[in-house]
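J.: Take this structure first; my questions come after.
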Amino acid sequence: MAQATRQHGVISAAELRRFGLTEKAIRWRVETGILQPLFVGVFLVGGSPRTWEQRITAAVRWGGDGAVASYKSAAALWRFEGFEPGPLEISTLKQNRQRLGFKVHRTLVEPVFITTKAGIPVTSPSRTLQDVVTVVDEHRGNQLFDELLRKGLVSMESLQRYVDRTECSGNKGVGKLRRMVRQRSPAYEPSASEFQALVRRLLAGAGFAFVEEFVVVDSDGTFIGRADFKLLDVPVLVEAEGRANHSSKEDFEHDLKRRNGFTAAGFATVHVTWNMALNDPEVFLAEVERARESQLRRRA
């Protein structure tokens with residue numbers, strides 16, 4: 001049963017037959033407890049510890065050749081943030097007529113988009129992202145897009161190749177993923193945090209031209225600090241305030257000195273909190289526009 005050991009203690013009837021076992025021999029092993037039925041034609045080798053990985057492996061083995069863990073199960077295997085081991089989802093052309101305890105997406109995934117994770121056949125990160133964006137809202141989809149870039153699971157180049165290759169597939173997730181790719185330049189790099197990424201999307205969506213992680217120096221070229229964003233046409237900075245307060249007096253004083261340095265260097269600064277960006281984005285963007293117009297008037 002070495003094969004089962006590599007598969008989280010799971011083995012299929014088809015695999016047993018390939019090893020030379022007859023139907024009678026398989027039945028005997030079930031009757032004696034050597035094999036324990038999990039799904040139709042899929043067994044657990046007696047004594048193997050019960051795990052979620054074992055259950056998703058069993059579902060994939062039930063699906064037959066070409067079956068893979070997909071959608072939320074694939075996201076859990078790749079450890080996408082917010083996706084924990086839970087309900088089982090696989091992609092295969094086989095029908096789940098007996099309504100076994102897992103969800104089947106009746107589609108054949110191209111072999112080029114299949115890999116393994118923890119010894120389990122699974123959709124590639126790009127294909128998993130395509131599938132998952134169909135079951136989450138746009139905001140969550142953008143979070144996942146940036147997360148995968150930060151983790152190095154995908155790149156802008158690999159995602160562009162992916163959407164080009166799957167353009168005529170008819171899968172609704174392809175269109176959503178293509179739109180996300182087109183919203184970003186080929187040189188796009190995700191923001192350092194989810195909050196900063198949200199502020200970036202708000203500024204871009206409102207039509208502001210800006211640079212990110214802008215280094216501010218004084219007239220002598222001495223480093224003052226790094227700002228989250230700077231508008232391109234005017235000396236206006238935007239700072240994403242991720243904490244409601246400072247962890248120490250030293251932090252507070254350092255930040256105050258940094259802010260005073262921005263002001264002394266001639267920059268107006270708009271501060272935005274997570275709550276404002278998420279719940280009152282119009283108010284935040286109006287403040288940015290007011291700061292921009294004020295600086296333009298000073299130039300006139």
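We label chains A, B, ... in the order they appear in the structure tokens, count residues from 1 in each chain, and number ligands from 1 in the order shown.
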DSSP on the backbone, helix (DSSP H, G or I) only: what residues of segment 67-164 of chain A does that give? Format it as an MDAnalysis selection string.
T.: chainID A and resid 71:77 111:113 125:132 138:151 156:164
J.: Could you pull out the residues in segment 131-247 of chain A that DSSP calls strand (DSSP E or B) from the backbone, as a VMD selection string?
T.: chain A and resid 210 to 217 223 to 231 236 to 241
J.: Please dump the current selection as an mmCIF file, in the first residue's frame; keep C-alpha atoms.
T.:
data_model
loop_
_atom_site.group_PDB
_atom_site.id
_atom_site.type_symbol
_atom_site.label_atom_id
_atom_site.label_comp_id
_atom_site.auth_asym_id
_atom_site.auth_seq_id
_atom_site.Cartn_x
_atom_site.Cartn_y
_atom_site.Cartn_z
ATOM 1 C CA PHE A 210 0.199 59.562 -8.637
ATOM 2 C CA VAL A 211 3.346 57.723 -7.644
ATOM 3 C CA GLU A 212 3.559 55.323 -4.733
ATOM 4 C CA GLU A 213 6.167 55.094 -1.958
ATOM 5 C CA PHE A 214 7.394 58.614 -2.716
ATOM 6 C CA VAL A 215 10.650 59.671 -1.050
ATOM 7 C CA VAL A 216 10.543 63.216 0.394
ATOM 8 C CA VAL A 217 13.807 65.131 0.841
ATOM 9 C CA PHE A 223 15.881 62.290 3.605
ATOM 10 C CA ILE A 224 12.709 63.326 5.473
ATOM 11 C CA GLY A 225 10.471 60.327 5.026
ATOM 12 C CA ARG A 226 8.618 58.082 2.645
ATOM 13 C CA ALA A 227 4.997 58.938 1.812
ATOM 14 C CA ASP A 228 2.457 56.364 0.666
ATOM 15 C CA PHE A 229 1.357 58.403 -2.372
ATOM 16 C CA LYS A 230 2.146 61.704 -4.116
ATOM 17 C CA LEU A 231 0.006 63.319 -6.786
ATOM 18 C CA VAL A 236 0.095 66.735 -2.367
ATOM 19 C CA LEU A 237 0.797 63.591 -0.360
ATOM 20 C CA VAL A 238 -1.702 60.948 0.696
ATOM 21 C CA GLU A 239 -0.971 58.919 3.809
ATOM 22 C CA ALA A 240 -2.834 55.689 4.678
ATOM 23 C CA GLU A 241 -3.084 55.725 8.460
#
J.: With segment 69-74 of chain A as the partner and 7 Å as the cut-off, tabulate the residues of segment 119-145 of chain A that qualify, each row holding the nearest pair of atoms and their distance in Å to one decimal, using only C-alpha atoms, sorted by chain and rising number, as a tab-separated table.
T.:
residue	atom	partner	partner_atom	distance
A:Pro121	CA	A:Ala69	CA	6.2
A:Val122	CA	A:Ala69	CA	4.6
A:Thr123	CA	A:Ser70	CA	5.7
A:Thr128	CA	A:Tyr71	CA	5.9
A:Asp131	CA	A:Tyr71	CA	5.4
A:Val132	CA	A:Tyr71	CA	5.5
J.: Give me the residues near Ser126 of chain A as a PyMOL selection string, where near means some atom within 12 Å (using only C-alpha atoms) and where sequence neighbours in that chain fewer than 4 positions away do not count.
T.: chain A and resi 70-71+74-75+78+112-115+122+130-133+144-145+148-149+152-163+165-166+173-174+177-178+181
J.: Dump N, CA and C atoms for the selected residues as a short mmCIF file (atom, residue, chain, number, x, y, z; two decimals), in the first residue's frame?
T.:
data_model
loop_
_atom_site.label_atom_id
_atom_site.label_comp_id
_atom_site.auth_asym_id
_atom_site.auth_seq_id
_atom_site.Cartn_x
_atom_site.Cartn_y
_atom_site.Cartn_z
N SER A 70 -10.18 22.09 -6.82
CA SER A 70 -10.37 23.38 -7.49
C SER A 70 -11.17 24.33 -6.62
N TYR A 71 -11.36 25.55 -7.14
CA TYR A 71 -12.13 26.59 -6.47
C TYR A 71 -11.64 26.76 -5.01
N ALA A 74 -8.91 24.41 -3.77
CA ALA A 74 -7.60 24.75 -4.31
C ALA A 74 -7.04 25.98 -3.59
N ALA A 75 -7.90 26.97 -3.33
CA ALA A 75 -7.46 28.17 -2.62
C ALA A 75 -6.94 27.82 -1.23
N TRP A 78 -3.48 26.25 -1.63
CA TRP A 78 -2.47 27.27 -1.92
C TRP A 78 -2.34 28.28 -0.79
N VAL A 112 -1.90 21.67 -18.59
CA VAL A 112 -0.91 22.71 -18.35
C VAL A 112 -1.28 23.56 -17.13
N PHE A 113 -2.56 23.53 -16.74
CA PHE A 113 -3.00 24.31 -15.58
C PHE A 113 -3.24 23.43 -14.36
N ILE A 114 -2.62 22.25 -14.35
CA ILE A 114 -2.72 21.33 -13.22
C ILE A 114 -1.34 21.11 -12.64
N THR A 115 -1.23 21.13 -11.33
CA THR A 115 0.01 20.82 -10.65
C THR A 115 -0.35 20.01 -9.40
N VAL A 122 -4.08 19.65 -8.18
CA VAL A 122 -4.77 20.90 -7.89
C VAL A 122 -4.60 21.86 -9.06
N GLN A 130 -8.63 32.49 -11.22
CA GLN A 130 -9.73 32.65 -12.18
C GLN A 130 -11.02 32.07 -11.63
N ASP A 131 -10.94 30.89 -11.03
CA ASP A 131 -12.13 30.24 -10.49
C ASP A 131 -12.69 30.99 -9.29
N VAL A 132 -11.81 31.41 -8.39
CA VAL A 132 -12.26 32.01 -7.14
C VAL A 132 -12.88 33.38 -7.35
N VAL A 133 -12.39 34.17 -8.35
CA VAL A 133 -12.96 35.49 -8.55
C VAL A 133 -14.43 35.42 -9.01
N LEU A 144 -7.21 39.36 -3.57
CA LEU A 144 -6.57 38.08 -3.88
C LEU A 144 -5.53 38.24 -5.00
N PHE A 145 -5.87 39.04 -6.02
CA PHE A 145 -4.95 39.31 -7.12
C PHE A 145 -3.62 39.84 -6.57
N LEU A 148 -1.57 37.24 -4.38
CA LEU A 148 -0.81 36.23 -5.13
C LEU A 148 0.45 36.84 -5.75
N LEU A 149 0.36 38.11 -6.16
CA LEU A 149 1.55 38.79 -6.67
C LEU A 149 2.59 38.96 -5.55
N GLY A 152 4.39 35.80 -4.80
CA GLY A 152 5.17 35.24 -5.90
C GLY A 152 4.53 34.01 -6.54
N LEU A 153 3.26 33.76 -6.25
CA LEU A 153 2.56 32.62 -6.86
C LEU A 153 2.25 32.88 -8.33
N VAL A 154 2.12 34.16 -8.67
CA VAL A 154 1.89 34.56 -10.06
C VAL A 154 2.70 35.83 -10.32
N SER A 155 2.76 36.23 -11.58
CA SER A 155 3.38 37.50 -11.95
C SER A 155 2.46 38.16 -12.97
N MET A 156 2.65 39.44 -13.21
CA MET A 156 1.84 40.12 -14.22
C MET A 156 2.04 39.45 -15.58
N GLU A 157 3.28 39.06 -15.86
CA GLU A 157 3.57 38.41 -17.15
C GLU A 157 2.85 37.07 -17.26
N SER A 158 2.90 36.26 -16.20
CA SER A 158 2.26 34.94 -16.27
C SER A 158 0.74 35.06 -16.36
N LEU A 159 0.17 36.05 -15.67
CA LEU A 159 -1.28 36.24 -15.73
C LEU A 159 -1.70 36.74 -17.11
N GLN A 160 -0.88 37.59 -17.72
CA GLN A 160 -1.20 38.06 -19.08
C GLN A 160 -1.17 36.89 -20.05
N ARG A 161 -0.17 36.02 -19.93
CA ARG A 161 -0.11 34.83 -20.79
C ARG A 161 -1.33 33.94 -20.56
N TYR A 162 -1.71 33.84 -19.30
CA TYR A 162 -2.85 32.97 -18.96
C TYR A 162 -4.14 33.47 -19.61
N VAL A 163 -4.44 34.77 -19.45
CA VAL A 163 -5.70 35.27 -20.01
C VAL A 163 -5.66 35.27 -21.54
N ARG A 165 -4.18 32.96 -23.35
CA ARG A 165 -4.37 31.57 -23.74
C ARG A 165 -5.81 31.11 -23.56
N THR A 166 -6.48 31.62 -22.52
CA THR A 166 -7.84 31.16 -22.19
C THR A 166 -8.92 32.10 -22.70
N GLY A 173 -15.00 33.41 -15.39
CA GLY A 173 -13.91 33.92 -14.59
C GLY A 173 -12.80 34.51 -15.42
N VAL A 174 -12.66 34.05 -16.67
CA VAL A 174 -11.61 34.57 -17.54
C VAL A 174 -11.83 36.06 -17.80
N LEU A 177 -10.88 38.05 -14.68
CA LEU A 177 -9.43 38.08 -14.48
C LEU A 177 -8.77 38.95 -15.54
N ARG A 178 -9.24 38.88 -16.78
CA ARG A 178 -8.67 39.72 -17.84
C ARG A 178 -8.85 41.20 -17.50
N VAL A 181 -6.31 42.25 -14.97
CA VAL A 181 -4.98 42.38 -15.58
C VAL A 181 -4.88 43.70 -16.35
#
J.: Using only C-alpha atoms for the distances, tell me which of A:Gly20, A:Pro186, A:Gly119, A:Gly82 is nearest to Ile56 of chain A.
T.: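 With only C-alpha atoms as the atom set, the closest residue is A:Gly119.
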J.: Excluding Pro49 of chain A and any residue of its chain fewer than 4 positions from it, enumerate the residues within 10 Å of it, using only C-alpha atoms, and give them as a PyMOL selection string.
T.: chain A and resi 8-9+44-45+54
J.: So, with only C-alpha atoms as the atoms that count, which of A:Trp274, A:Lys24, A:Leu296, A:Lys117 lies closest to Arg79 of chain A?
T.: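 Of all the options, A:Lys117 lies closest to Arg79 of chain A.
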